[in-house]
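Have a look at start13.cif; it's mmCIF, C-alpha atoms and all ligand atoms; chains and numbers go by the auth columns:
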data_target
loop_
_atom_site.group_PDB
_atom_site.id
_atom_site.type_symbol
_atom_site.label_atom_id
_atom_site.label_comp_id
_atom_site.label_asym_id
_atom_site.label_seq_id
_atom_site.Cartn_x
_atom_site.Cartn_y
_atom_site.Cartn_z
_atom_site.B_iso_or_equiv
_atom_site.auth_seq_id
_atom_site.auth_asym_id
ATOM 1 C CA VAL A 1 53.445 -5.637 -3.619 0.00 1 G
ATOM 2 C CA SER A 2 56.547 -4.928 -1.466 0.00 2 G
ATOM 3 C CA ALA A 3 58.440 -4.086 -4.680 0.00 3 G
ATOM 4 C CA PHE A 4 56.017 -1.206 -5.141 0.00 4 G
ATOM 5 C CA VAL A 5 55.088 2.049 -3.454 0.00 5 G
ATOM 6 C CA VAL A 6 51.373 2.769 -3.151 0.00 6 G
ATOM 7 C CA ARG A 7 50.258 6.318 -2.479 0.00 7 G
ATOM 8 C CA THR A 8 47.691 8.882 -3.563 0.00 8 G
ATOM 9 C CA LEU A 9 48.149 10.938 -6.740 0.00 9 G
ATOM 10 C CA ARG A 10 49.987 14.281 -6.469 0.00 10 G
ATOM 11 C CA GLY A 11 50.155 17.315 -8.736 0.00 11 G
ATOM 12 C CA GLU A 12 53.782 16.625 -9.673 0.00 12 G
ATOM 13 C CA ASP A 13 53.071 13.090 -10.937 0.00 13 G
ATOM 14 C CA ASP A 14 53.388 12.796 -14.705 0.00 14 G
ATOM 15 C CA THR A 15 50.481 10.672 -15.889 0.00 15 G
ATOM 16 C CA THR A 16 50.724 11.475 -19.611 0.00 16 G
ATOM 17 C CA GLY A 17 52.471 8.268 -20.696 0.00 17 G
ATOM 18 C CA PHE A 18 50.288 5.802 -18.796 0.00 18 G
ATOM 19 C CA THR A 19 48.479 3.298 -21.008 0.00 19 G
ATOM 20 C CA SER A 20 46.417 0.280 -19.988 0.00 20 G
ATOM 21 C CA GLY A 21 46.029 -0.812 -23.624 0.00 21 G
ATOM 22 C CA SER A 22 43.283 -0.648 -26.223 0.00 22 G
ATOM 23 C CA ARG A 23 40.752 -3.208 -24.960 0.00 23 G
ATOM 24 C CA ASP A 24 37.142 -2.312 -24.221 0.00 24 G
ATOM 25 C CA GLY A 25 37.178 0.639 -21.792 0.00 25 G
ATOM 26 C CA ALA A 26 40.960 0.903 -21.436 0.00 26 G
ATOM 27 C CA PRO A 27 41.412 4.182 -23.395 0.00 27 G
ATOM 28 C CA ALA A 28 38.801 5.816 -21.122 0.00 28 G
ATOM 29 C CA ILE A 29 40.710 4.560 -18.056 0.00 29 G
ATOM 30 C CA ASP A 30 43.872 6.255 -19.415 0.00 30 G
ATOM 31 C CA ALA A 31 42.081 9.477 -20.379 0.00 31 G
ATOM 32 C CA TYR A 32 40.523 9.733 -16.911 0.00 32 G
ATOM 33 C CA LEU A 33 43.949 9.519 -15.269 0.00 33 G
ATOM 34 C CA ARG A 34 45.389 12.185 -17.579 0.00 34 G
ATOM 35 C CA GLU A 35 42.451 14.591 -17.602 0.00 35 G
ATOM 36 C CA GLN A 36 40.240 14.215 -14.527 0.00 36 G
ATOM 37 C CA ALA A 37 41.847 12.180 -11.781 0.00 37 G
ATOM 38 C CA LEU A 38 43.784 14.931 -9.997 0.00 38 G
ATOM 39 C CA HIS A 39 40.878 17.358 -10.152 0.00 39 G
ATOM 40 C CA GLU A 40 38.459 14.773 -8.716 0.00 40 G
ATOM 41 C CA HIS A 41 40.965 13.753 -6.046 0.00 41 G
ATOM 42 C CA HIS A 42 41.426 17.380 -4.944 0.00 42 G
ATOM 43 C CA ALA A 43 37.652 17.919 -4.987 0.00 43 G
ATOM 44 C CA GLN A 44 37.339 14.825 -2.702 0.00 44 G
ATOM 45 C CA LEU A 45 34.961 13.146 -5.146 0.00 45 G
ATOM 46 C CA CYS A 46 37.212 10.113 -4.978 0.00 46 G
ATOM 47 C CA SER A 47 40.691 9.142 -3.865 0.00 47 G
ATOM 48 C CA VAL A 48 43.140 8.243 -6.632 0.00 48 G
ATOM 49 C CA TRP A 49 45.796 5.674 -5.667 0.00 49 G
ATOM 50 C CA ILE A 50 48.876 5.014 -7.777 0.00 50 G
ATOM 51 C CA VAL A 51 51.366 2.153 -7.773 0.00 51 G
ATOM 52 C CA LEU A 52 55.034 2.869 -8.555 0.00 52 G
ATOM 53 C CA PRO A 53 58.137 0.659 -8.462 0.00 53 G
ATOM 54 C CA ARG A 54 59.910 1.218 -5.138 0.00 54 G
ATOM 55 C CA THR A 55 63.149 2.069 -6.946 0.00 55 G
ATOM 56 C CA ALA A 56 61.804 4.555 -9.502 0.00 56 G
ATOM 57 C CA ALA A 57 60.959 8.232 -9.413 0.00 57 G
ATOM 58 C CA ALA A 58 57.361 9.204 -10.126 0.00 58 G
ATOM 59 C CA SER A 59 57.440 9.562 -13.885 0.00 59 G
ATOM 60 C CA ALA A 60 55.099 8.542 -16.684 0.00 60 G
ATOM 61 C CA SER A 61 57.099 5.460 -17.545 0.00 61 G
ATOM 62 C CA SER A 62 57.235 4.282 -13.938 0.00 62 G
ATOM 63 C CA LEU A 63 53.533 4.442 -13.122 0.00 63 G
ATOM 64 C CA CYS A 64 52.476 0.769 -13.018 0.00 64 G
ATOM 65 C CA ALA A 65 48.826 0.982 -12.040 0.00 65 G
ATOM 66 C CA TYR A 66 46.146 3.156 -10.517 0.00 66 G
ATOM 67 C CA PHE A 67 42.710 2.819 -8.994 0.00 67 G
ATOM 68 C CA THR A 68 40.044 5.068 -7.483 0.00 68 G
ATOM 69 C CA LEU A 69 37.770 4.706 -4.493 0.00 69 G
ATOM 70 C CA SER A 70 34.739 6.791 -3.605 0.00 70 G
ATOM 71 C CA PRO A 71 31.856 6.562 -1.145 0.00 71 G
ATOM 72 C CA LEU A 72 28.748 4.843 -2.489 0.00 72 G
ATOM 73 C CA SER A 73 25.307 4.220 -1.083 0.00 73 G
ATOM 74 C CA ILE A 74 23.050 1.557 -2.615 0.00 74 G
ATOM 75 C CA PRO A 75 19.349 0.886 -2.013 0.00 75 G
ATOM 76 C CA LEU A 76 18.706 -2.123 0.203 0.00 76 G
ATOM 77 C CA ASN A 77 16.666 -5.070 -0.975 0.00 77 G
ATOM 78 C CA GLU A 78 16.739 -8.819 -0.411 0.00 78 G
ATOM 79 C CA VAL A 79 19.391 -9.397 -3.067 0.00 79 G
ATOM 80 C CA VAL A 80 21.736 -6.801 -1.589 0.00 80 G
ATOM 81 C CA LEU A 81 21.151 -8.071 1.963 0.00 81 G
ATOM 82 C CA THR A 82 22.099 -11.584 0.858 0.00 82 G
ATOM 83 C CA ALA A 83 25.066 -10.535 -1.282 0.00 83 G
ATOM 84 C CA ILE A 84 26.702 -8.597 1.515 0.00 84 G
ATOM 85 C CA ARG A 85 25.432 -10.921 4.254 0.00 85 G
ATOM 86 C CA LEU A 86 23.610 -8.292 6.247 0.00 86 G
ATOM 87 C CA PRO A 87 20.840 -9.147 8.677 0.00 87 G
ATOM 88 C CA GLU A 88 17.456 -7.505 8.138 0.00 88 G
ATOM 89 C CA THR A 89 17.716 -3.781 8.873 0.00 89 G
ATOM 90 C CA ARG A 90 15.309 -0.878 9.086 0.00 90 G
ATOM 91 C CA TYR A 91 17.441 1.288 6.755 0.00 91 G
ATOM 92 C CA ARG A 92 16.573 1.872 3.110 0.00 92 G
ATOM 93 C CA SER A 93 20.142 2.020 1.870 0.00 93 G
ATOM 94 C CA VAL A 94 23.579 0.809 2.855 0.00 94 G
ATOM 95 C CA GLY A 95 26.893 2.639 2.585 0.00 95 G
ATOM 96 C CA GLY A 96 30.114 1.288 1.130 0.00 96 G
ATOM 97 C CA TYR A 97 32.713 2.186 -1.489 0.00 97 G
ATOM 98 C CA LEU A 98 32.980 2.132 -5.276 0.00 98 G
ATOM 99 C CA LEU A 99 36.164 0.865 -6.894 0.00 99 G
ATOM 100 C CA GLY A 100 35.461 3.224 -9.772 0.00 100 G
ATOM 101 C CA ARG A 101 38.465 2.930 -12.047 0.00 101 G
ATOM 102 C CA LEU A 102 41.309 0.467 -12.242 0.00 102 G
ATOM 103 C CA GLY A 103 44.079 0.291 -14.797 0.00 103 G
ATOM 104 C CA VAL A 104 47.350 -1.620 -14.982 0.00 104 G
ATOM 105 C CA SER A 105 50.028 -0.407 -17.396 0.00 105 G
ATOM 106 C CA VAL A 106 50.321 -2.800 -20.376 0.00 106 G
ATOM 107 C CA ALA A 107 53.935 -3.429 -19.417 0.00 107 G
ATOM 108 C CA PHE A 108 52.771 -4.871 -16.077 0.00 108 G
ATOM 109 C CA GLN A 109 49.608 -6.723 -17.142 0.00 109 G
ATOM 110 C CA GLY A 110 49.326 -10.488 -16.704 0.00 110 G
ATOM 111 C CA ARG A 111 51.379 -10.501 -13.474 0.00 111 G
ATOM 112 C CA GLN A 112 48.518 -10.288 -10.962 0.00 112 G
ATOM 113 C CA LEU A 113 49.095 -6.584 -10.337 0.00 113 G
ATOM 114 C CA GLY A 114 45.381 -6.015 -11.032 0.00 114 G
ATOM 115 C CA ASP A 115 44.523 -8.585 -8.331 0.00 115 G
ATOM 116 C CA ALA A 116 46.966 -6.838 -5.989 0.00 116 G
ATOM 117 C CA CYS A 117 45.299 -3.465 -6.687 0.00 117 G
ATOM 118 C CA VAL A 118 41.886 -4.932 -5.864 0.00 118 G
ATOM 119 C CA SER A 119 43.327 -6.304 -2.582 0.00 119 G
ATOM 120 C CA LEU A 120 44.852 -2.905 -1.809 0.00 120 G
ATOM 121 C CA ALA A 121 41.550 -1.165 -2.524 0.00 121 G
ATOM 122 C CA LEU A 122 39.724 -3.626 -0.235 0.00 122 G
ATOM 123 C CA GLY A 123 42.302 -2.971 2.502 0.00 123 G
ATOM 124 C CA ILE A 124 41.977 0.816 2.176 0.00 124 G
ATOM 125 C CA ALA A 125 38.175 0.572 2.207 0.00 125 G
ATOM 126 C CA LYS A 126 38.265 -1.783 5.210 0.00 126 G
ATOM 127 C CA ALA A 127 40.475 0.649 7.149 0.00 127 G
ATOM 128 C CA ALA A 128 38.108 3.517 6.295 0.00 128 G
ATOM 129 C CA SER A 129 35.091 1.407 7.283 0.00 129 G
ATOM 130 C CA GLU A 130 36.563 0.778 10.727 0.00 130 G
ATOM 131 C CA LYS A 131 36.497 4.560 11.312 0.00 131 G
ATOM 132 C CA THR A 132 33.399 5.659 9.451 0.00 132 G
ATOM 133 C CA GLY A 133 31.413 2.546 8.519 0.00 133 G
ATOM 134 C CA GLY A 134 30.826 1.012 5.113 0.00 134 G
ATOM 135 C CA ALA A 135 29.858 -2.574 4.423 0.00 135 G
ATOM 136 C CA PHE A 136 30.996 -3.376 0.873 0.00 136 G
ATOM 137 C CA VAL A 137 33.088 -2.516 -2.170 0.00 137 G
ATOM 138 C CA ALA A 138 31.206 -2.356 -5.489 0.00 138 G
ATOM 139 C CA VAL A 139 32.526 -2.444 -9.061 0.00 139 G
ATOM 140 C CA ASP A 140 30.841 -1.749 -12.415 0.00 140 G
ATOM 141 C CA PRO A 141 32.905 -3.609 -15.028 0.00 141 G
ATOM 142 C CA LYS A 142 32.529 -2.711 -18.683 0.00 142 G
ATOM 143 C CA ASN A 143 32.053 -6.204 -20.070 0.00 143 G
ATOM 144 C CA ASP A 144 31.384 -9.852 -19.206 0.00 144 G
ATOM 145 C CA SER A 145 35.024 -10.867 -19.385 0.00 145 G
ATOM 146 C CA LEU A 146 35.818 -8.368 -16.621 0.00 146 G
ATOM 147 C CA VAL A 147 32.755 -9.562 -14.664 0.00 147 G
ATOM 148 C CA ARG A 148 34.273 -13.071 -14.634 0.00 148 G
ATOM 149 C CA TRP A 149 37.620 -11.635 -13.523 0.00 149 G
ATOM 150 C CA TYR A 150 35.981 -9.899 -10.530 0.00 150 G
ATOM 151 C CA GLU A 151 33.998 -13.050 -9.699 0.00 151 G
ATOM 152 C CA ARG A 152 37.305 -14.905 -9.456 0.00 152 G
ATOM 153 C CA LEU A 153 38.384 -12.246 -6.937 0.00 153 G
ATOM 154 C CA GLY A 154 35.369 -12.928 -4.689 0.00 154 G
ATOM 155 C CA PHE A 155 32.896 -10.328 -5.960 0.00 155 G
ATOM 156 C CA ALA A 156 29.268 -11.374 -6.496 0.00 156 G
ATOM 157 C CA ARG A 157 26.864 -10.046 -9.074 0.00 157 G
ATOM 158 C CA LEU A 158 23.779 -8.370 -7.659 0.00 158 G
ATOM 159 C CA ASP A 159 21.404 -8.661 -10.556 0.00 159 G
ATOM 160 C CA PRO A 160 21.698 -10.648 -13.822 0.00 160 G
ATOM 161 C CA SER A 161 20.526 -7.612 -15.822 0.00 161 G
ATOM 162 C CA ARG A 162 23.349 -5.375 -14.525 0.00 162 G
ATOM 163 C CA ARG A 163 27.099 -5.755 -14.349 0.00 163 G
ATOM 164 C CA ARG A 164 27.453 -4.377 -10.812 0.00 164 G
ATOM 165 C CA LEU A 165 29.256 -6.689 -8.405 0.00 165 G
ATOM 166 C CA VAL A 166 29.844 -6.303 -4.677 0.00 166 G
ATOM 167 C CA ARG A 167 32.137 -7.775 -2.072 0.00 167 G
ATOM 168 C CA ARG A 168 31.540 -7.629 1.672 0.00 168 G
ATOM 169 C CA LEU A 169 34.166 -5.755 3.676 0.00 169 G
HETATM 170 C C1 LIG B . 41.733 -5.399 -15.802 0.00 201 G
HETATM 171 C C2 LIG B . 43.203 -5.228 -15.441 0.00 201 G
HETATM 172 C C3 LIG B . 43.318 -4.162 -14.338 0.00 201 G
HETATM 173 C C4 LIG B . 43.715 -6.565 -14.865 0.00 201 G
HETATM 174 O O1 LIG B . 45.116 -6.509 -14.748 0.00 201 G
HETATM 175 P P1 LIG B . 46.021 -7.824 -14.566 0.00 201 G
HETATM 176 O O2 LIG B . 45.868 -8.323 -13.193 0.00 201 G
HETATM 177 O O3 LIG B . 47.378 -7.519 -15.039 0.00 201 G
HETATM 178 O O4 LIG B . 45.348 -8.923 -15.430 0.00 201 G
HETATM 179 P P2 LIG B . 45.362 -9.169 -16.999 0.00 201 G
HETATM 180 O O5 LIG B . 45.785 -7.944 -17.732 0.00 201 G
HETATM 181 O O6 LIG B . 46.108 -10.428 -17.210 0.00 201 G
HETATM 182 O O7 LIG B . 43.788 -9.385 -17.251 0.00 201 G
HETATM 183 C C5 LIG B . 42.993 -10.258 -16.440 0.00 201 G
HETATM 184 C C6 LIG B . 41.853 -10.760 -17.293 0.00 201 G
HETATM 185 O O8 LIG B . 40.972 -9.665 -17.648 0.00 201 G
HETATM 186 C C7 LIG B . 40.835 -9.577 -19.070 0.00 201 G
HETATM 187 N N1 LIG B . 40.729 -8.141 -19.417 0.00 201 G
HETATM 188 C C8 LIG B . 41.545 -7.130 -19.018 0.00 201 G
HETATM 189 N N2 LIG B . 41.089 -5.958 -19.477 0.00 201 G
HETATM 190 C C9 LIG B . 39.967 -6.224 -20.179 0.00 201 G
HETATM 191 C C10 LIG B . 39.043 -5.416 -20.890 0.00 201 G
HETATM 192 N N3 LIG B . 39.155 -4.089 -20.919 0.00 201 G
HETATM 193 N N4 LIG B . 38.009 -6.033 -21.493 0.00 201 G
HETATM 194 C C11 LIG B . 37.857 -7.373 -21.438 0.00 201 G
HETATM 195 N N5 LIG B . 38.699 -8.193 -20.754 0.00 201 G
HETATM 196 C C12 LIG B . 39.746 -7.617 -20.147 0.00 201 G
HETATM 197 C C13 LIG B . 42.095 -10.232 -19.602 0.00 201 G
HETATM 198 O O9 LIG B . 41.898 -10.699 -20.920 0.00 201 G
HETATM 199 C C14 LIG B . 42.303 -11.359 -18.606 0.00 201 G
HETATM 200 O O10 LIG B . 41.425 -12.428 -18.872 0.00 201 G
HETATM 201 P P3 LIG B . 41.858 -13.949 -18.532 0.00 201 G
HETATM 202 O O11 LIG B . 42.231 -13.959 -17.075 0.00 201 G
HETATM 203 O O12 LIG B . 40.614 -14.732 -18.833 0.00 201 G
HETATM 204 O O13 LIG B . 43.022 -14.211 -19.420 0.00 201 G
HETATM 205 C C15 LIG B . 44.087 -4.827 -16.653 0.00 201 G
HETATM 206 O O14 LIG B . 44.000 -5.832 -17.646 0.00 201 G
HETATM 207 C C16 LIG B . 43.703 -3.513 -17.277 0.00 201 G
HETATM 208 O O15 LIG B . 44.201 -2.478 -16.858 0.00 201 G
HETATM 209 N N6 LIG B . 42.863 -3.574 -18.331 0.00 201 G
HETATM 210 C C17 LIG B . 42.532 -2.375 -19.107 0.00 201 G
HETATM 211 C C18 LIG B . 41.784 -1.364 -18.287 0.00 201 G
HETATM 212 C C19 LIG B . 40.424 -1.887 -17.882 0.00 201 G
HETATM 213 O O16 LIG B . 39.709 -2.533 -18.610 0.00 201 G
HETATM 214 N N7 LIG B . 40.061 -1.552 -16.646 0.00 201 G
HETATM 215 C C20 LIG B . 38.734 -1.835 -16.189 0.00 201 G
HETATM 216 C C21 LIG B . 38.748 -2.651 -14.958 0.00 201 G
HETATM 217 S S1 LIG B . 37.051 -2.705 -14.393 0.00 201 G
#

Would you encode the structure as structure tokens?
Amino acid sequence: VSAFVVRTLRGEDDTTGFTSGSRDGAPAIDAYLREQALHEHHAQLCSVWIVLPRTAAASASSLCAYFTLSPLSIPLNEVVLTAIRLPETRYRSVGGYLLGRLGVSVAFQGRQLGDACVSLALGIAKAASEKTGGAFVAVDPKNDSLVRWYERLGFARLDPSRRRLVRRL
């Protein structure tokens, strides 16, 4: 990751040329970056993080990847307590973060940049949790192939009928 700069999205960043491909969900990931990301970042609904090569200016062709993080609260039950290794608590819900969107430019796919983005997101969430609390990062992948990818990165599925996975911070 040292070859890259990681920072939050700014108004001057040109996101129009970013494409994460045509697989299930990818066009929506690209459209979100183009059409909604900056607005949602400014509205503090989420934070949008971008990855650029250290040597390049922030242009469409140089944007390698992006991801979003937002606060998330989930209802507590036995499954959640076990998945995030929490002792019994009197609270009804637990706070954490949602890794809402993640896309790697097709030109950079297959080189573990997606894994690196997940690690970065976990690090950012961990730093936030040390100041304001938060016990987990959750993801809602689009399909089973992506579920397996997140499982390889240490996330655990909460419920066989849903694709949500969590990882303890
Ligand atoms: C998912 C992603 C971030 C991973 O980036 P990466 O680290 O470069 O990894 P790869 O592109 O090699 O993909 C990793 C695995 O996920 C699979 N995958 C990637 N996107 C997928 C999609 N949309 N649907 C199904 N499988 C997908 C790949 O086939 C690969 O599977 P394998 O490891 O069994 O070969 C990147 O592929 C991407 O941006 N995909 C399109 C956008 C997307 O689907 N984002 C949703 C993430 S929840």

If you take every atom of ligand LIG 201 (chain G) that the file lists and fit an axis-aligned box around them with 4 Å extra on each side, what centre and edge lengths come out in Å to one decimal, as AutoDock Vina command-line options?
--center_x 42.2 --center_y -8.0 --center_z -17.3 --size_x 18.3 --size_y 21.4 --size_z 16.3

Could you list, with a cut-off of 9 Å and counting only C-alpha atoms and all ligand atoms, the residues of chain G near ligand LIG 201 (chain G), each shown with its nearest atom pair and the distance in Å rounded to one decimal, rows sorted by chain and ascending number, as JSON lines?
{"residue": "G:Thr19", "atom": "CA", "partner": "G:LIG201", "partner_atom": "O15", "distance": 8.3}
{"residue": "G:Ser20", "atom": "CA", "partner": "G:LIG201", "partner_atom": "O15", "distance": 4.7}
{"residue": "G:Gly21", "atom": "CA", "partner": "G:LIG201", "partner_atom": "C17", "distance": 5.9}
{"residue": "G:Ser22", "atom": "CA", "partner": "G:LIG201", "partner_atom": "C17", "distance": 7.4}
{"residue": "G:Arg23", "atom": "CA", "partner": "G:LIG201", "partner_atom": "N3", "distance": 4.4}
{"residue": "G:Asp24", "atom": "CA", "partner": "G:LIG201", "partner_atom": "N3", "distance": 4.3}
{"residue": "G:Gly25", "atom": "CA", "partner": "G:LIG201", "partner_atom": "O16", "distance": 5.2}
{"residue": "G:Ala26", "atom": "CA", "partner": "G:LIG201", "partner_atom": "C18", "distance": 4.0}
{"residue": "G:Pro27", "atom": "CA", "partner": "G:LIG201", "partner_atom": "C18", "distance": 7.5}
{"residue": "G:Ala28", "atom": "CA", "partner": "G:LIG201", "partner_atom": "C18", "distance": 8.3}
{"residue": "G:Ile29", "atom": "CA", "partner": "G:LIG201", "partner_atom": "C18", "distance": 6.0}
{"residue": "G:Asp30", "atom": "CA", "partner": "G:LIG201", "partner_atom": "C18", "distance": 8.0}
{"residue": "G:Ala65", "atom": "CA", "partner": "G:LIG201", "partner_atom": "O15", "distance": 7.5}
{"residue": "G:Tyr66", "atom": "CA", "partner": "G:LIG201", "partner_atom": "O15", "distance": 8.7}
{"residue": "G:Phe67", "atom": "CA", "partner": "G:LIG201", "partner_atom": "C3", "distance": 8.8}
{"residue": "G:Leu99", "atom": "CA", "partner": "G:LIG201", "partner_atom": "S1", "distance": 8.4}
{"residue": "G:Gly100", "atom": "CA", "partner": "G:LIG201", "partner_atom": "S1", "distance": 7.7}
{"residue": "G:Arg101", "atom": "CA", "partner": "G:LIG201", "partner_atom": "S1", "distance": 6.3}
{"residue": "G:Leu102", "atom": "CA", "partner": "G:LIG201", "partner_atom": "C21", "distance": 4.9}
{"residue": "G:Gly103", "atom": "CA", "partner": "G:LIG201", "partner_atom": "O15", "distance": 3.5}
{"residue": "G:Val104", "atom": "CA", "partner": "G:LIG201", "partner_atom": "O15", "distance": 3.8}
{"residue": "G:Ser105", "atom": "CA", "partner": "G:LIG201", "partner_atom": "O15", "distance": 6.2}
{"residue": "G:Val106", "atom": "CA", "partner": "G:LIG201", "partner_atom": "O15", "distance": 7.1}
{"residue": "G:Ala107", "atom": "CA", "partner": "G:LIG201", "partner_atom": "O3", "distance": 8.9}
{"residue": "G:Phe108", "atom": "CA", "partner": "G:LIG201", "partner_atom": "O3", "distance": 6.1}
{"residue": "G:Gln109", "atom": "CA", "partner": "G:LIG201", "partner_atom": "O3", "distance": 3.2}
{"residue": "G:Gly110", "atom": "CA", "partner": "G:LIG201", "partner_atom": "O6", "distance": 3.3}
{"residue": "G:Arg111", "atom": "CA", "partner": "G:LIG201", "partner_atom": "O3", "distance": 5.2}
{"residue": "G:Gln112", "atom": "CA", "partner": "G:LIG201", "partner_atom": "O2", "distance": 4.0}
{"residue": "G:Leu113", "atom": "CA", "partner": "G:LIG201", "partner_atom": "O2", "distance": 4.6}
{"residue": "G:Gly114", "atom": "CA", "partner": "G:LIG201", "partner_atom": "O2", "distance": 3.2}
{"residue": "G:Asp115", "atom": "CA", "partner": "G:LIG201", "partner_atom": "O2", "distance": 5.1}
{"residue": "G:Ala116", "atom": "CA", "partner": "G:LIG201", "partner_atom": "O2", "distance": 7.4}
{"residue": "G:Cys117", "atom": "CA", "partner": "G:LIG201", "partner_atom": "C3", "distance": 7.9}
{"residue": "G:Val118", "atom": "CA", "partner": "G:LIG201", "partner_atom": "C3", "distance": 8.6}
{"residue": "G:Val139", "atom": "CA", "partner": "G:LIG201", "partner_atom": "S1", "distance": 7.0}
{"residue": "G:Asp140", "atom": "CA", "partner": "G:LIG201", "partner_atom": "S1", "distance": 6.6}
{"residue": "G:Pro141", "atom": "CA", "partner": "G:LIG201", "partner_atom": "S1", "distance": 4.3}
{"residue": "G:Lys142", "atom": "CA", "partner": "G:LIG201", "partner_atom": "S1", "distance": 6.2}
{"residue": "G:Asn143", "atom": "CA", "partner": "G:LIG201", "partner_atom": "C11", "distance": 6.1}
{"residue": "G:Asp144", "atom": "CA", "partner": "G:LIG201", "partner_atom": "C11", "distance": 7.3}
{"residue": "G:Ser145", "atom": "CA", "partner": "G:LIG201", "partner_atom": "N5", "distance": 4.7}
{"residue": "G:Leu146", "atom": "CA", "partner": "G:LIG201", "partner_atom": "N5", "distance": 5.0}
{"residue": "G:Val147", "atom": "CA", "partner": "G:LIG201", "partner_atom": "S1", "distance": 8.1}
{"residue": "G:Arg148", "atom": "CA", "partner": "G:LIG201", "partner_atom": "O12", "distance": 7.8}
{"residue": "G:Trp149", "atom": "CA", "partner": "G:LIG201", "partner_atom": "O8", "distance": 5.7}
{"residue": "G:Tyr150", "atom": "CA", "partner": "G:LIG201", "partner_atom": "S1", "distance": 8.2}

From the list G:Gly95, G:Gly17, G:Gly154, G:Pro160, the nearest residue to Ala128 in chain G using all atoms listed in the file is G:Gly95

Leaving out Lys126 in chain G and any residue of its chain fewer than 4 positions from it, which residues lie within 10 Å of it when counting all atoms listed in the file, given as a compact mmCIF listing (two decimals) with C-alpha atoms, in the frame of the given file?
# COMPACT_ATOMS: atom_id res chain seq x y z
CA GLY G 96 30.11 1.29 1.13
CA TYR G 97 32.71 2.19 -1.49
CA LEU G 120 44.85 -2.90 -1.81
CA ALA G 121 41.55 -1.16 -2.52
CA LEU G 122 39.72 -3.63 -0.24
CA GLU G 130 36.56 0.78 10.73
CA LYS G 131 36.50 4.56 11.31
CA THR G 132 33.40 5.66 9.45
CA GLY G 133 31.41 2.55 8.52
CA GLY G 134 30.83 1.01 5.11
CA ALA G 135 29.86 -2.57 4.42
CA PHE G 136 31.00 -3.38 0.87
CA VAL G 137 33.09 -2.52 -2.17
CA ARG G 168 31.54 -7.63 1.67
CA LEU G 169 34.17 -5.76 3.68

Around the point (33.3, 11.3, -6.0) in the file's coordinates, collect all residues with an atom within 12 Å, using all atoms listed in the file, and return them as a VMD selection string.
chain G and resid 36 to 48 68 to 73 97 to 101

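Reported to one decimal place, the separation of CA of Glu35 in chain G from CA of Thr15 in chain G is 9.1 Å.
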
What is the distance, in Å and to one decimal place, between CA of Leu153 in chain G and CA of Arg10 in chain G?
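A separation of 29.0 Å between them.
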
May I have the protein, DNA and RNA residues with any atom at most 12 Å from the point (17.9, -4.4, -1.9), counting all atoms listed in the file, written as a PyMOL selection string?
chain G and resi 73-94+158-159

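The gap separating CA of Ala31 in chain G from CA of Ile50 in chain G is 15.0 Å, in Å to one decimal.
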
Dump of range 125-136 of chain G from preceding block, N, CA and C atoms, as an mmCIF file, in the first residue's frame:
data_model
loop_
_atom_site.group_PDB
_atom_site.id
_atom_site.type_symbol
_atom_site.label_atom_id
_atom_site.label_comp_id
_atom_site.auth_asym_id
_atom_site.auth_seq_id
_atom_site.Cartn_x
_atom_site.Cartn_y
_atom_site.Cartn_z
ATOM 1 N N ALA G 125 -11.653 2.027 10.896
ATOM 2 C CA ALA G 125 -12.741 1.757 11.844
ATOM 3 C C ALA G 125 -12.181 1.511 13.244
ATOM 4 N N LYS G 126 -11.058 0.805 13.324
ATOM 5 C CA LYS G 126 -10.437 0.533 14.631
ATOM 6 C C LYS G 126 -10.018 1.845 15.295
ATOM 7 N N ALA G 127 -9.414 2.739 14.500
ATOM 8 C CA ALA G 127 -8.975 4.031 15.064
ATOM 9 C C ALA G 127 -10.186 4.824 15.552
ATOM 10 N N ALA G 128 -11.269 4.807 14.778
ATOM 11 C CA ALA G 128 -12.489 5.508 15.199
ATOM 12 C C ALA G 128 -13.049 4.864 16.458
ATOM 13 N N SER G 129 -13.002 3.536 16.532
ATOM 14 C CA SER G 129 -13.588 2.833 17.684
ATOM 15 C C SER G 129 -12.825 3.145 18.968
ATOM 16 N N GLU G 130 -11.529 3.437 18.837
ATOM 17 C CA GLU G 130 -10.766 3.763 20.048
ATOM 18 C C GLU G 130 -11.219 5.101 20.627
ATOM 19 N N LYS G 131 -11.782 5.978 19.770
ATOM 20 C CA LYS G 131 -12.268 7.276 20.266
ATOM 21 C C LYS G 131 -13.745 7.241 20.622
ATOM 22 N N THR G 132 -14.533 6.510 19.838
ATOM 23 C CA THR G 132 -15.983 6.635 20.021
ATOM 24 C C THR G 132 -16.701 5.288 20.174
ATOM 25 N N GLY G 133 -15.943 4.209 20.289
ATOM 26 C CA GLY G 133 -16.565 2.892 20.420
ATOM 27 C C GLY G 133 -16.919 2.301 19.069
ATOM 28 N N GLY G 134 -17.403 1.083 19.100
ATOM 29 C CA GLY G 134 -17.699 0.358 17.852
ATOM 30 C C GLY G 134 -16.976 -0.972 17.906
ATOM 31 N N ALA G 135 -17.727 -2.059 17.744
ATOM 32 C CA ALA G 135 -17.157 -3.377 18.018
ATOM 33 C C ALA G 135 -16.879 -4.216 16.777
ATOM 34 N N PHE G 136 -17.380 -3.801 15.609
ATOM 35 C CA PHE G 136 -17.286 -4.686 14.439
ATOM 36 C C PHE G 136 -17.287 -3.863 13.146
#
